[in-house]
Each structure stands twice: as structure tokens, then as C-alpha cells.
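Note sheet for the following structure.
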Amino acid sequence: MKIGVFDSGVGGLTVLKELLRYPNEYYYFGDNINVPYGTKTKYELQILSSKIIDFLLSKNVDMIIIACGTISANVYEYLKNKYDIPIYDIISPTLEYLKNKTYYTFATSMTCKSKIFNNSIECPLLVPLIENNQKATKELKEYLNSIPNNSNLVLGCTHYPILTEEILTLRPDLNLINMGKILSDKLNLESHELKIRLYFSKVDHNLISNIEKIIDKDYQLEEVCLNYQK
């Protein structure tokens, strides 16, 4: 099966990592030249995500996974209605998992504004730090001050699992909820031959370093800058 996966940058690789438990032919697009998505308007998100899906469709994928919390929270219904191909968002399985649970959420500004999660804390500084392969300890300390002891904390942006070690070092009492793991468990894909093709709109040293931290399988990497016209 050919599976298309996309995000604003490297964050969606945390979702891809979970999906790799089910070997298939994966086509991943990270739009890191336009990162962060959390500050974009809904219209901009529609344009950006549509261009990416069109690109993935050119690879004859059988399904699309939105590995981006901001896209999932704001334009999933738009994309689902626009395309005939099966499209899965990253948030719905997590919301189902969270039913009747008390939780807090770290998320981007646009995801917080969508009000799709309860108790959302805007974390606008994290994605740029992650994309630039920088530590986020100072910022995390500030954001974590809002989280009570022994809470469930949803990592509501797929970039944030990259900071799992830093978060748990600061707050080992928290139960971190990884949306990528919940989605991959729900999909329970059949396994086939594994092939990984990664496309990013900008390839540089920081990107390659981030990829190597997340993906420990062989992959093909290519720079593809899509032409975005409003």
C-alpha cells in the first residue's frame, strides 16, 4: 500500500515513526520552507495543504494521513470534502481516546483557537526551535508551569514528541499522550514491503540532523519546493 503523510516540517516524522511499525510504501512531505503553520490563516492552510495533497496524489498514494495538528484542527473537513481519496487526521483518534479523561494540551496558536482540545496552552516558540534543532528547556519550563502535577498532557502538535525527553526531565510526573501512536494503533495497517521516501521543501543540515534523530530506517530524501499561489 502507498501511504501519503504530510506536515509543516519534521514534526510529522514522529507520526511516520509510529506508522513504520506497519511496513508499507510511505511518501512523506514536510513543508519546512513555510513552517510554522500555527501562525497561518485558515485560507493559507487550505492552499498549503491542497498543494501538498496534490503532490502526494501524483505519487499514486492510496490514502493520506494529515500528520499535522494545526491542519487537522482547522481544515480537515475542507480537505475531506475536496478529495475522494481516504484522508485521516491526527486529532480525531486522540479525542476518542480522551473521552471522559481530564487532560491538558500543548498546541500551536491556530489549534488552540479552534478549541478542538480542552485546556489548551499556546506554545508558539516550540516549533521554530525544533525545526532549528535547538533546545527548548527555557520555554518548556514556562509552558509547564500551567500543568498540574500528575496530569495527562496531550502533545497537540506532532513536533512536540521530539521534546519528550526534555519534558519528562523537567516533569517526570506527567503522562504524555502521543497522537501518532494513537493513530497508528487505530489504523492497524497491514504490513508489506517497507519503502520510505521523504520530500521536504528545504533540505539543510538541521533537517538531516532531525531526520536522523527520528527515523532509524533507510530512506530516500529529496528537496521539492512546491509553487504556492493564492
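For the C-alpha cells, the naming scheme is as follows: chains receive sequential letters (A, B, ...) according to their order of presentation, residues are indexed from 1 within each chain, and ligands are indexed from 1 in presentation order.
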Worksheet entry | 7 Å contact set for region 147-154 of chain A, only C-alpha atoms, chain neighbours under 5 positions out, as an NGL selection string | :A and (102-106 or 173-178)
Within 10 Å of Val35 (chain A), counting only C-alpha atoms, which residues qualify if same-chain residues fewer than 6 places away don't, as a CSV table (one decimal) with N, CA and C atoms, in the first residue's frame?
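The result, written out as out-v9.csv:
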chain,number,residue,atom,x,y,z
A,7,ASP,N,3.1,17.1,6.8
A,7,ASP,CA,3.2,18.0,8.0
A,7,ASP,C,3.9,19.3,7.5
A,8,SER,N,3.9,20.3,8.4
A,8,SER,CA,4.6,21.6,8.1
A,8,SER,C,6.1,21.4,8.1
A,9,GLY,N,6.6,20.3,8.7
A,9,GLY,CA,8.1,20.2,8.7
A,9,GLY,C,8.4,18.8,9.2
A,10,VAL,N,9.3,18.7,10.2
A,10,VAL,CA,9.8,17.4,10.7
A,10,VAL,C,8.9,16.8,11.7
A,127,VAL,N,7.9,25.1,17.9
A,127,VAL,CA,8.1,24.5,16.6
A,127,VAL,C,9.4,25.2,15.9
A,128,PRO,N,9.6,26.5,15.9
A,128,PRO,CA,10.8,27.1,15.3
A,128,PRO,C,12.1,26.5,16.0
A,131,GLU,N,12.5,22.9,14.7
A,131,GLU,CA,13.0,22.9,13.3
A,131,GLU,C,14.5,23.3,13.2
Fill in: Spatial neighbours of Leu144 (chain A), 9 Å, only C-alpha atoms, chain gap at least 3 places, as a list of chain:residue names
A:Glu139, A:Leu140, A:Lys141, A:Ile147, A:Pro148, A:Ile167, A:Leu170, A:Arg171
Discussion item. I want to know what sits within 12 Å of Lys40 (chain A), based on only C-alpha atoms, with residues of the same chain fewer than 6 positions away left out; could you give that as number ranges by chain?
Written reply: A: 8, 34, 46-49, 70-71, 74-75, 108-111, 113, 124
Item to complete: Point out the residue among A:Leu189, A:Asn210, A:Asn81, A:Tyr228 with the least atom-to-atom distance to Glu44 (chain A), counting only C-alpha atoms.
Response: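 Once distances to Glu44 (chain A) are computed over only C-alpha atoms, the minimum belongs to A:Tyr228.
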Item to complete: Name all residues at most 7 Å from region 213-222 of chain A (count only C-alpha atoms; drop same-chain ones fewer than 3 positions away) and give them as a list in words.
Response: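 Here the qualifying residues turn out to be Leu13, Thr14, Lys17, Ile196, Arg197, Leu198, Tyr199, Phe200, Ser209 and Asn210 of chain A.
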Worksheet, complete the sentence: Among A:Ala73, A:Leu187, A:Leu56, A:Leu98, Leu226 (chain A) is approached most closely, using only C-alpha atoms, by A:Leu56
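If you look at CA of Tyr83 (chain A) and CA of Gly12 (chain A), they are 20.7 Å away from each other.
Close contacts of Asn132 (chain A), defined as residues with an atom at most 8 Å away when counting only C-alpha atoms, with chain neighbours fewer than 3 positions off set aside, comprise Pro128, Leu129, Asn206 and Leu207 of chain A.
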Worksheet entry | 9 Å contact set for Glu25 (chain A), only C-alpha atoms, chain neighbours under 6 positions out, as a VMD selection string | chain A and resid 1 to 4 61 192 to 197
Secondary structure check, alpha helix (DSSP H) residues of chain A, as a tab-separated table (two decimals) with C-alpha atoms, in the first residue's frame:
chain	number	residue	atom	x	y	z
A	13	LEU	CA	8.06	12.27	11.20
A	14	THR	CA	7.06	11.39	14.77
A	15	VAL	CA	3.82	10.09	13.28
A	16	LEU	CA	5.66	8.32	10.47
A	17	LYS	CA	7.89	6.66	13.07
A	18	GLU	CA	4.81	5.10	14.68
A	19	LEU	CA	3.37	4.07	11.30
A	42	LYS	CA	-7.34	29.02	7.57
A	43	TYR	CA	-7.22	30.14	3.96
A	44	GLU	CA	-3.44	29.81	3.88
A	45	LEU	CA	-3.71	26.37	5.45
A	46	GLN	CA	-6.19	25.32	2.76
A	47	ILE	CA	-3.84	26.46	-0.01
A	48	LEU	CA	-0.73	24.88	1.52
A	49	SER	CA	-2.34	21.54	2.37
A	50	SER	CA	-4.09	21.26	-1.00
A	51	LYS	CA	-0.80	21.73	-2.87
A	52	ILE	CA	0.82	19.03	-0.75
A	53	ILE	CA	-2.03	16.58	-1.24
A	54	ASP	CA	-1.94	17.21	-4.98
A	55	PHE	CA	1.76	16.38	-4.91
A	56	LEU	CA	1.19	13.17	-2.94
A	57	LEU	CA	-1.61	12.18	-5.32
A	69	GLY	CA	-2.28	19.08	14.43
A	70	THR	CA	-2.90	22.56	13.02
A	71	ILE	CA	-4.18	21.26	9.66
A	72	SER	CA	-6.25	18.58	11.39
A	73	ALA	CA	-7.86	21.09	13.76
A	74	ASN	CA	-8.65	23.73	11.16
A	75	VAL	CA	-9.11	22.35	7.62
A	76	TYR	CA	-9.62	18.59	7.87
A	77	GLU	CA	-13.31	18.80	6.92
A	78	TYR	CA	-12.43	21.05	3.98
A	79	LEU	CA	-9.84	18.55	2.69
A	80	LYS	CA	-12.07	15.52	3.31
A	81	ASN	CA	-14.81	17.11	1.22
A	82	LYS	CA	-12.44	18.28	-1.51
A	92	SER	CA	-9.82	12.53	15.93
A	93	PRO	CA	-8.40	9.23	17.30
A	94	THR	CA	-6.84	11.11	20.22
A	95	LEU	CA	-10.13	12.84	21.07
A	96	GLU	CA	-11.82	9.43	21.08
A	97	TYR	CA	-9.09	8.08	23.35
A	109	SER	CA	-1.86	29.06	18.29
A	110	MET	CA	-4.26	28.04	15.49
A	111	THR	CA	-5.02	24.69	17.12
A	112	CYS	CA	-5.81	26.45	20.40
A	113	LYS	CA	-8.07	28.92	18.60
A	114	SER	CA	-10.00	26.03	17.02
A	126	LEU	CA	8.49	25.38	20.25
A	127	VAL	CA	8.14	24.55	16.56
A	128	PRO	CA	10.79	27.05	15.35
A	129	LEU	CA	13.20	25.77	18.00
A	130	ILE	CA	12.60	22.16	16.99
A	131	GLU	CA	12.99	22.88	13.28
A	137	THR	CA	14.23	23.92	28.08
A	138	LYS	CA	13.62	27.58	29.00
A	139	GLU	CA	10.38	27.75	27.01
A	140	LEU	CA	9.16	24.40	28.31
A	141	LYS	CA	9.66	25.48	31.91
A	142	GLU	CA	7.35	28.42	31.29
A	143	TYR	CA	4.67	26.39	29.49
A	144	LEU	CA	4.79	23.55	32.02
A	164	THR	CA	9.65	14.11	25.09
A	165	GLU	CA	12.97	13.63	26.86
A	166	GLU	CA	13.24	17.32	27.75
A	167	ILE	CA	9.65	17.45	29.02
A	168	LEU	CA	9.99	14.35	31.20
A	169	THR	CA	13.30	15.55	32.59
A	170	LEU	CA	11.52	18.68	33.79
A	179	MET	CA	-1.16	11.39	18.88
A	180	GLY	CA	0.93	9.48	16.33
A	181	LYS	CA	0.93	6.31	18.41
A	182	ILE	CA	-2.82	6.50	18.97
A	183	LEU	CA	-3.47	6.99	15.24
A	184	SER	CA	-1.19	4.14	14.17
A	185	ASP	CA	-2.78	1.79	16.72
A	186	LYS	CA	-6.25	2.70	15.43
A	187	LEU	CA	-5.37	2.26	11.74
A	205	HIS	CA	21.90	20.35	7.91
A	206	ASN	CA	19.31	20.95	10.65
A	207	LEU	CA	16.72	18.96	8.72
A	208	ILE	CA	19.02	15.99	8.16
A	209	SER	CA	20.05	16.01	11.82
A	210	ASN	CA	16.39	15.98	12.88
A	211	ILE	CA	15.52	13.18	10.47
A	212	GLU	CA	18.36	11.03	11.80
A	213	LYS	CA	17.11	11.53	15.38
A	214	ILE	CA	13.62	10.30	14.49
Response to the item:
A straight line from CA of Ile64 (chain A) to CA of Ile87 (chain A) spans 4.7 Å
Worksheet entry | Pick from A:Thr41, A:Asn60, A:Asn188, A:Asn133 nearest to Tyr26 (chain A), counting only C-alpha atoms |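 Going through A:Thr41, A:Asn60, A:Asn188, A:Asn133 one by one, the smallest distance to Tyr26 (chain A) is for A:Asn60.
The residues of region 135-227 of chain A that DSSP classifies as strand (DSSP E or B), using the backbone of this structure, are Asn152, Leu153, Val154, Leu155, Asn175, Leu176, Ile177, Asn178, Lys195, Ile196, Arg197, Leu198, Tyr199, Phe200, Gln220, Leu221, Glu222 and Glu223 of chain A.
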Emit the selected residues as a PDB file, in the first residue's frame, including C-alpha atoms.
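And here's selection18.pdb as it stands now:
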ATOM      1  CA  ASN A 152      -2.355  13.823  31.189  1.00  0.00           C
ATOM      2  CA  LEU A 153      -0.589  16.123  28.724  1.00  0.00           C
ATOM      3  CA  VAL A 154      -1.540  15.850  25.060  1.00  0.00           C
ATOM      4  CA  LEU A 155       1.268  16.745  22.683  1.00  0.00           C
ATOM      5  CA  ASN A 175       1.638  11.227  31.346  1.00  0.00           C
ATOM      6  CA  LEU A 176       2.465  12.341  27.794  1.00  0.00           C
ATOM      7  CA  ILE A 177      -0.036  11.459  25.081  1.00  0.00           C
ATOM      8  CA  ASN A 178       1.469  10.925  21.617  1.00  0.00           C
ATOM      9  CA  LYS A 195       9.965   1.878   1.433  1.00  0.00           C
ATOM     10  CA  ILE A 196      10.375   5.421   2.766  1.00  0.00           C
ATOM     11  CA  ARG A 197      10.508   8.458   0.519  1.00  0.00           C
ATOM     12  CA  LEU A 198      10.904  11.825   2.226  1.00  0.00           C
ATOM     13  CA  TYR A 199      10.239  15.112   0.457  1.00  0.00           C
ATOM     14  CA  PHE A 200      10.912  18.488   2.057  1.00  0.00           C
ATOM     15  CA  GLN A 220      15.299   8.441   0.184  1.00  0.00           C
ATOM     16  CA  LEU A 221      15.397  12.214   0.660  1.00  0.00           C
ATOM     17  CA  GLU A 222      14.569  14.828  -1.968  1.00  0.00           C
ATOM     18  CA  GLU A 223      14.046  18.592  -1.956  1.00  0.00           C
TER      19      GLU A 223
END
Discussion item. Taking only C-alpha atoms into account, name the residue in A:Ser146, A:Leu20, A:Ala67, A:Gly30 that is nearest to Cys123 (chain A).
Written reply: A:Ser146
Worksheet item: Just how far from CA of Tyr22 (chain A) is CA of Glu190 (chain A), in Å to one decimal?
Response: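 Those two atoms sit 6.4 Å apart.
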